[in-house]
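Reviewing the structure listed below.
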Amino acid sequence: MIKLTACFIMFSQLLVFGTLDRIQKAMEKKEYEKAYEQILKGYEKEPDNPGVSFYHAKLLFDKTYDRSNLDSARIAINDAKKKYSKATQDLIDEITKEEITAEKINLLHDQIRDRAFQNTLENLTIEQALSFQEKFPNSVYNDLLIYKVDSIEFRNARLSNSQRELVQFINEHPVSIFKPKADSILDGLRFFELREKGNLKDYYSFHNDYPFSRHKRKVESFILKASTASHRKERYEEFISHSEIAALKKKAADVLFYSSKKHDYMHHPDQDSIKKILSLANTVLYPVVQNGLYGFFDHQGQSKISSLYSDILPDYKCTLIQDDWVFVKKVNEGLILTKNGEVVLQGIDGYRSVSEDVGLVKRRNQWYLYHKSGFQILDQSVEGAEIIANKWIKVKSKDKWGLFTFLGLQVAEVLYDDISKLESFWIFRKNNLYAVYTEDLILSEIEERGVTLEFKFDDVELVNKNTLIGFKGERECLLDSTLNFLIPWGNYEIYPEDAGWYLKSGNGYRLYNESEADLMDRHYSYLESNDGWLALKTAEDWMLLPRKGALLPSREYDSIKLVNDFVVVLVKDQEKRLQFITGESIKIDEEQIRTFQNKPGYISLFKDDKTTIFDSQGKVVIDGKFHGASFLSDSLIRVQVRDKQGLIHTNGDWVLNPVFNTLDEKDGLVLTLIDGKIGCYDPKINVLITTEYEGRLERLKDYYLAKKNGKFGVIDAAKNEIVPFSYDEIQYWNDTSYLVKRDGLFHIIGEDEESAYDAIDNIQILVNNNEHSIYQFVKNGKYGLMSTQFGELLTPEFTDILNIGSNEDPLIFADQHLDKAGFHVVSYVDEKGKLILSKAYTRDEFDGILCDE
């Protein structure tokens, strides 16, 4: 029985192995249908034989087979691999004889996989890729396929141009090779959206949320410009303390340093450069020429800029250079230098200083705006610039004006006919219309993306620092310093006053004041107002509202006339009264009421040659029979008695009796005139100098300059001659001396008339400061220099002497022309006569440094 069973098994195997042989031969002859029939028989006779599945896979993989199917081949080969792994050794040995091995099965599997991969790549979709990965897990193509899938998803996300899609891709592919690029594109989209729509707050948020953005510098640059638009110190300091970009920190610190007039440098990151600038801050320069080339020296006679340059600005020859930037030319190239000769800019054509902070640099016939720390403020060229209120830069281009910060942020486009600041208000004019803004409003709009101006005024008129009237057609409005309406638009004229406002229209006058709210809705046929009073005319009477003092409102007057802030004229029942703000009241009749333009705290009543002057309290100051009265000073009143004038103190005492033809005041002295002779009264010492002189007396320190018999002299208060009347001119020189002129020559004499210096042909003042006066003088055709404090500074041996400095900081340029030698020797001297530098010049060199003014 056992032998019979073994024989059956062996027979069955022989059948199968015969089937494998027949399958192989049919396939070799490309008899695919016959091969397929044999494969089916093989499955039926021995379903676990890997050889059948192998040949089935091979058949389905063959493209010439009309029913070939790659996926079915994959299933068949996987089936073959599975059966092979479970086959007995005897079975493996037998199919090996048929040349079916694990290597061949695996090779066919790989061929099927490779073709499937190629098919997947030909029309790659994410679905196909996922299907391949599912069918061929752990494939050698897996990494490549992941890359391909990521590539498709990245491409879709990129083409969508959607932040949401890119974020989703990054989240789903955290280790993808495309993630960095996706991050970069997402960063760009975020920044683009920020740039298009974001305000300052959005920029701060972006900076905090995306600290590694590749646009971080641009973000911080905008934050720097927008956050410091106010040009306030604390905003620069805040940026410097938080910024992570060294170049921007320095830029902010540079602007702060210059805006503080070079005082604020504690926060500057580059202390060495600041110390260098500060060391030169007080240095002033003047040009010299050596070997035909320009250089510059300082006040100590030290060379600061070497003589290397072929030309300089003409202004440098007439004034000391205090600017941080010096423009020179080297052959045909223009350069900007610091005051110690370091090159700031080169290849330029011209330079103009706008302020201590800002300059205009010319390149290729175009002017560009630069900050004097060295950076270009605006990319576009300009025609001109000026600083307004030390706040913003007003820029001109194509005859239009715009407004920019010192860091180049646009405050207002270059579109306007004019831009100006009136106290609290910024005024923009365009096409004869006006827009009005405040600084706070401009700053708030800058933080929100930019200023949007509304041109709703035909004209504007400043009332005071915090108030402005707007005009539009027949309408007017009144605005406060926050641009809120104090008076809304209406068809009336607005009369603003410190004590209140009133409106005039076709219906009459109307008050506009919260303190008089009960009167605001009424119209009055006439109104007068000042700081002390409000007078209103109704249909029935006049009413008076005192604005100061303890007086109560009153009415039922026939008329009211405001004289000034402390007195009014009231008429009631044919009686006229003078009403003072203090409550004092005086009945008047036909008196003329006069005010004093130079003393508004007083009034006078005049009738029948009688004049009474009252102060603001209603108190009588003077009272008498005077034809006229006027104030010469705070305490002196000039009165007219018939055809003579006298002087009365405001306390009522006579100072000068009325015996003078004329009394007049100038420089603290009262001129007195009797019968063509002149004297003076000195209120300072209460002394009268009798009228015997020919011209107005002038104070010379403790004495007086007077003229008699056609000559000038100096007298004291007792008319003693300090300097006799024998000179054509006399000037104060110093505490002990006078500059006098006689017979066409000038002398410096003491009170004893002893000449302190030889006669001088001519003399002219060059310097006049708190320390002394310096004069250029001529003697024997040569120029010298004289000081009222230090005497002769330069002997008269020069061809010309000029002050190329200022009153406060003089620098004397003294020229000696050696005509025969063809040279000029120029001495540079300080205000005490100390020689700073002496240079010999040829005629051409001298012409190159000589001021043409």
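Letters A, B, ... go to the chains of the structure tokens in the order shown; residues in each chain start at 1; ligands are counted from 1 in the same order.
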Taking 6 positions as the minimum chain separation for residues in the same chain, which residues sit within 8 Å of stretch 700-716 of chain A when counting only C-alpha atoms? Answer as an mmCIF file with all heavy atoms, in the first residue's frame.
data_model
loop_
_atom_site.group_PDB
_atom_site.id
_atom_site.type_symbol
_atom_site.label_atom_id
_atom_site.label_comp_id
_atom_site.auth_asym_id
_atom_site.auth_seq_id
_atom_site.Cartn_x
_atom_site.Cartn_y
_atom_site.Cartn_z
ATOM 1 N N GLU A 692 21.990 173.968 25.162
ATOM 2 C CA GLU A 692 22.956 174.863 24.534
ATOM 3 C C GLU A 692 23.760 174.162 23.438
ATOM 4 O O GLU A 692 24.772 174.688 22.974
ATOM 5 C CB GLU A 692 23.913 175.424 25.587
ATOM 6 C CG GLU A 692 24.654 174.364 26.355
ATOM 7 C CD GLU A 692 25.567 174.973 27.422
ATOM 8 O OE1 GLU A 692 26.733 175.245 27.074
ATOM 9 O OE2 GLU A 692 25.107 175.182 28.562
ATOM 10 N N TYR A 693 23.275 172.979 22.998
ATOM 11 C CA TYR A 693 24.038 172.168 22.053
ATOM 12 C C TYR A 693 23.331 172.089 20.699
ATOM 13 O O TYR A 693 22.161 172.446 20.560
ATOM 14 C CB TYR A 693 24.289 170.775 22.636
ATOM 15 C CG TYR A 693 25.015 170.863 23.968
ATOM 16 C CD1 TYR A 693 24.319 170.709 25.171
ATOM 17 C CD2 TYR A 693 26.377 171.135 24.022
ATOM 18 C CE1 TYR A 693 24.970 170.814 26.381
ATOM 19 C CE2 TYR A 693 27.038 171.247 25.239
ATOM 20 C CZ TYR A 693 26.332 171.088 26.418
ATOM 21 O OH TYR A 693 26.983 171.209 27.613
ATOM 22 N N GLU A 694 24.071 171.590 19.698
ATOM 23 C CA GLU A 694 23.580 171.644 18.323
ATOM 24 C C GLU A 694 23.025 170.300 17.821
ATOM 25 O O GLU A 694 22.497 170.245 16.715
ATOM 26 C CB GLU A 694 24.719 172.090 17.393
ATOM 27 C CG GLU A 694 25.223 173.478 17.704
ATOM 28 C CD GLU A 694 26.494 173.811 16.951
ATOM 29 O OE1 GLU A 694 26.951 172.949 16.160
ATOM 30 O OE2 GLU A 694 27.043 174.913 17.143
ATOM 31 N N ILE A 722 34.879 166.703 29.338
ATOM 32 C CA ILE A 722 35.795 165.574 29.496
ATOM 33 C C ILE A 722 36.722 165.523 28.293
ATOM 34 O O ILE A 722 37.926 165.288 28.422
ATOM 35 C CB ILE A 722 35.010 164.255 29.633
ATOM 36 C CG1 ILE A 722 33.985 164.356 30.759
ATOM 37 C CG2 ILE A 722 35.958 163.074 29.853
ATOM 38 C CD1 ILE A 722 34.572 164.705 32.109
ATOM 39 N N VAL A 723 36.139 165.719 27.115
ATOM 40 C CA VAL A 723 36.894 165.881 25.872
ATOM 41 C C VAL A 723 36.414 167.198 25.258
ATOM 42 O O VAL A 723 35.208 167.398 25.081
ATOM 43 C CB VAL A 723 36.656 164.726 24.890
ATOM 44 C CG1 VAL A 723 37.375 164.980 23.574
ATOM 45 C CG2 VAL A 723 37.115 163.398 25.510
ATOM 46 N N PRO A 724 37.299 168.108 24.958
ATOM 47 C CA PRO A 724 36.875 169.425 24.487
ATOM 48 C C PRO A 724 36.167 169.355 23.129
ATOM 49 O O PRO A 724 36.326 168.404 22.361
ATOM 50 C CB PRO A 724 38.182 170.205 24.387
ATOM 51 C CG PRO A 724 39.244 169.177 24.272
ATOM 52 C CD PRO A 724 38.769 167.994 25.050
ATOM 53 N N PHE A 725 35.398 170.376 22.819
ATOM 54 C CA PHE A 725 34.636 170.466 21.572
ATOM 55 C C PHE A 725 35.563 170.912 20.440
ATOM 56 O O PHE A 725 35.541 172.065 20.007
ATOM 57 C CB PHE A 725 33.472 171.444 21.730
ATOM 58 C CG PHE A 725 32.379 170.927 22.615
ATOM 59 C CD1 PHE A 725 32.425 171.136 23.993
ATOM 60 C CD2 PHE A 725 31.316 170.216 22.094
ATOM 61 C CE1 PHE A 725 31.426 170.650 24.810
ATOM 62 C CE2 PHE A 725 30.307 169.733 22.915
ATOM 63 C CZ PHE A 725 30.366 169.935 24.283
ATOM 64 N N SER A 726 36.350 169.963 19.976
ATOM 65 C CA SER A 726 37.309 170.304 18.922
ATOM 66 C C SER A 726 37.466 169.189 17.892
ATOM 67 O O SER A 726 38.430 169.197 17.123
ATOM 68 C CB SER A 726 38.686 170.622 19.545
ATOM 69 O OG SER A 726 39.140 169.525 20.321
ATOM 70 N N TYR A 727 36.493 168.265 17.825
ATOM 71 C CA TYR A 727 36.641 167.090 16.953
ATOM 72 C C TYR A 727 35.465 166.961 16.003
ATOM 73 O O TYR A 727 34.329 167.323 16.317
ATOM 74 C CB TYR A 727 36.785 165.824 17.790
ATOM 75 C CG TYR A 727 38.032 165.858 18.661
ATOM 76 C CD1 TYR A 727 37.953 166.209 20.013
ATOM 77 C CD2 TYR A 727 39.277 165.574 18.110
ATOM 78 C CE1 TYR A 727 39.090 166.260 20.798
ATOM 79 C CE2 TYR A 727 40.422 165.618 18.891
ATOM 80 C CZ TYR A 727 40.328 165.956 20.234
ATOM 81 O OH TYR A 727 41.459 166.026 20.997
ATOM 82 N N ASP A 728 35.760 166.409 14.821
ATOM 83 C CA ASP A 728 34.714 166.186 13.816
ATOM 84 C C ASP A 728 33.900 164.922 14.126
ATOM 85 O O ASP A 728 32.730 164.815 13.741
ATOM 86 C CB ASP A 728 35.345 166.047 12.426
ATOM 87 C CG ASP A 728 36.157 167.285 12.050
ATOM 88 O OD1 ASP A 728 35.664 168.394 12.306
ATOM 89 O OD2 ASP A 728 37.270 167.122 11.521
ATOM 90 N N GLU A 729 34.520 163.950 14.758
ATOM 91 C CA GLU A 729 33.831 162.721 15.180
ATOM 92 C C GLU A 729 34.425 162.257 16.493
ATOM 93 O O GLU A 729 35.614 162.467 16.762
ATOM 94 C CB GLU A 729 34.001 161.582 14.153
ATOM 95 C CG GLU A 729 33.355 161.831 12.810
ATOM 96 C CD GLU A 729 33.599 160.670 11.836
ATOM 97 O OE1 GLU A 729 33.960 159.555 12.322
ATOM 98 O OE2 GLU A 729 33.457 160.882 10.624
ATOM 99 N N ILE A 730 33.586 161.649 17.332
ATOM 100 C CA ILE A 730 34.071 161.020 18.568
ATOM 101 C C ILE A 730 33.308 159.708 18.753
ATOM 102 O O ILE A 730 32.075 159.674 18.653
ATOM 103 C CB ILE A 730 33.854 161.919 19.813
ATOM 104 C CG1 ILE A 730 34.621 163.227 19.672
ATOM 105 C CG2 ILE A 730 34.292 161.178 21.083
ATOM 106 C CD1 ILE A 730 34.413 164.190 20.841
ATOM 107 N N TYR A 732 33.259 156.069 21.351
ATOM 108 C CA TYR A 732 33.785 155.390 22.535
ATOM 109 C C TYR A 732 34.762 154.319 22.082
ATOM 110 O O TYR A 732 34.498 153.554 21.159
ATOM 111 C CB TYR A 732 32.626 154.768 23.315
ATOM 112 C CG TYR A 732 33.066 153.976 24.520
ATOM 113 C CD1 TYR A 732 33.383 154.609 25.709
ATOM 114 C CD2 TYR A 732 33.173 152.583 24.453
ATOM 115 C CE1 TYR A 732 33.792 153.882 26.825
ATOM 116 C CE2 TYR A 732 33.583 151.847 25.551
ATOM 117 C CZ TYR A 732 33.892 152.493 26.738
ATOM 118 O OH TYR A 732 34.286 151.781 27.837
#
Step one, run DSSP on the backbone; step two, keep only residues of stretch 241-337 of chain A assigned to strand (DSSP E or B); then write them as a PyMOL selection string. chain A and resi 285-290+293-297+303-309+311-312+321+326-330+333-337
Just list the residues in stretch 55-176 of chain A DSSP gives helix (DSSP H, G or I) on the backbone, as an MDAnalysis selection string. chainID A and resid 55:61 70:86 89:97 102:122 126:135 142:160 163:172
For atom CA of A:Asn651 and atom CA of A:Ile593, determine how far apart the two atoms are, in Å to one decimal place. 21.1 Å
12 Å contact set for A:Ser68, only C-alpha atoms, chain neighbours under 2 positions out, as JSON, numbers by chain: {"A": [32, 33, 36, 56, 57, 58, 59, 60, 61, 62, 63, 64, 65, 66, 70, 71, 72, 73, 74, 76, 112]}
For stretch 79-82 of chain A, list every protein, DNA or RNA residue within 10 Å, evaluated using only C-alpha atoms, and leave out those in the same chain fewer than 3 positions away; present the list as a list in words. Asp48, Asn49, Pro50, Gly51, Val52, Ser53, Phe54, Tyr55, His56, Ala57, Ala73, Arg74, Ile75, Ala76, Ser85, Lys86, Ala87, Ala102, Ile105, Asn106 and His109 of chain A
Point-to-point distance in Å for atom CA of A:Phe212 and atom CA of A:Lys233: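 Computing the Euclidean distance for atom CA of A:Lys233 and atom CA of A:Phe212 yields 28.7 Å.
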What is the distance between atom CA of A:Leu673 and atom CA of A:Asn598, in Å to one decimal?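 Straight-line distance from atom CA of A:Leu673 to atom CA of A:Asn598 works out to 22.9 Å.
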Write out as a list in words the residues lying within 10 Å of stretch 256-269 of chain A, counting only C-alpha atoms and excluding same-chain residues fewer than 5 positions away.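 That gives Thr228, His231, Arg232, Lys233, Glu234, Arg235, Tyr236, Glu237, Ile240, Ser241, Ala246, Ala247, Lys249, Lys250, Lys251, Ile274, Lys275, Ile277, Leu278, Ala281, Glu356, Asp357, Val358, His371, Lys372, Ser373, Asn390, Lys391 and Phe406 of chain A.
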Would you list the contacts of A:Asn199 as a ChimeraX atom specification, taking every protein, DNA or RNA residue within 10 Å and counting only C-alpha atoms, but skipping same-chain residues closer than 5 positions in sequence? /A:194,204-205,222-223,226,445-450
Write out, as a PDB file, in the first residue's frame, the residues just selected, with C-alpha atoms.
ATOM      1  CA  LEU A 194       3.360  92.314   4.820  1.00  0.00           C
ATOM      2  CA  TYR A 204       6.667  94.081  14.702  1.00  0.00           C
ATOM      3  CA  SER A 205       4.548  90.903  14.744  1.00  0.00           C
ATOM      4  CA  PHE A 222      11.113  99.379   7.769  1.00  0.00           C
ATOM      5  CA  ILE A 223      10.661  99.228  11.548  1.00  0.00           C
ATOM      6  CA  ALA A 226       8.530 103.941  10.605  1.00  0.00           C
ATOM      7  CA  GLU A 445      -1.156 107.424   9.568  1.00  0.00           C
ATOM      8  CA  ILE A 446       2.487 106.591   8.888  1.00  0.00           C
ATOM      9  CA  GLU A 447       2.182 103.665  11.292  1.00  0.00           C
ATOM     10  CA  GLU A 448      -0.957 102.610   9.436  1.00  0.00           C
ATOM     11  CA  ARG A 449       0.686 102.631   5.980  1.00  0.00           C
ATOM     12  CA  GLY A 450       0.945 106.286   4.940  1.00  0.00           C
TER      13      GLY A 450
END
Which one of A:Leu453, A:Cys477, A:Phe239, A:Thr690 sits closest to A:Leu441 if you count only C-alpha atoms? A:Leu453
I want to know what sits within 12 Å of A:Glu134, based on only C-alpha atoms, with residues of the same chain fewer than 6 positions away left out; could you give that as a VMD selection string? chain A and resid 113 127 to 128 142 145
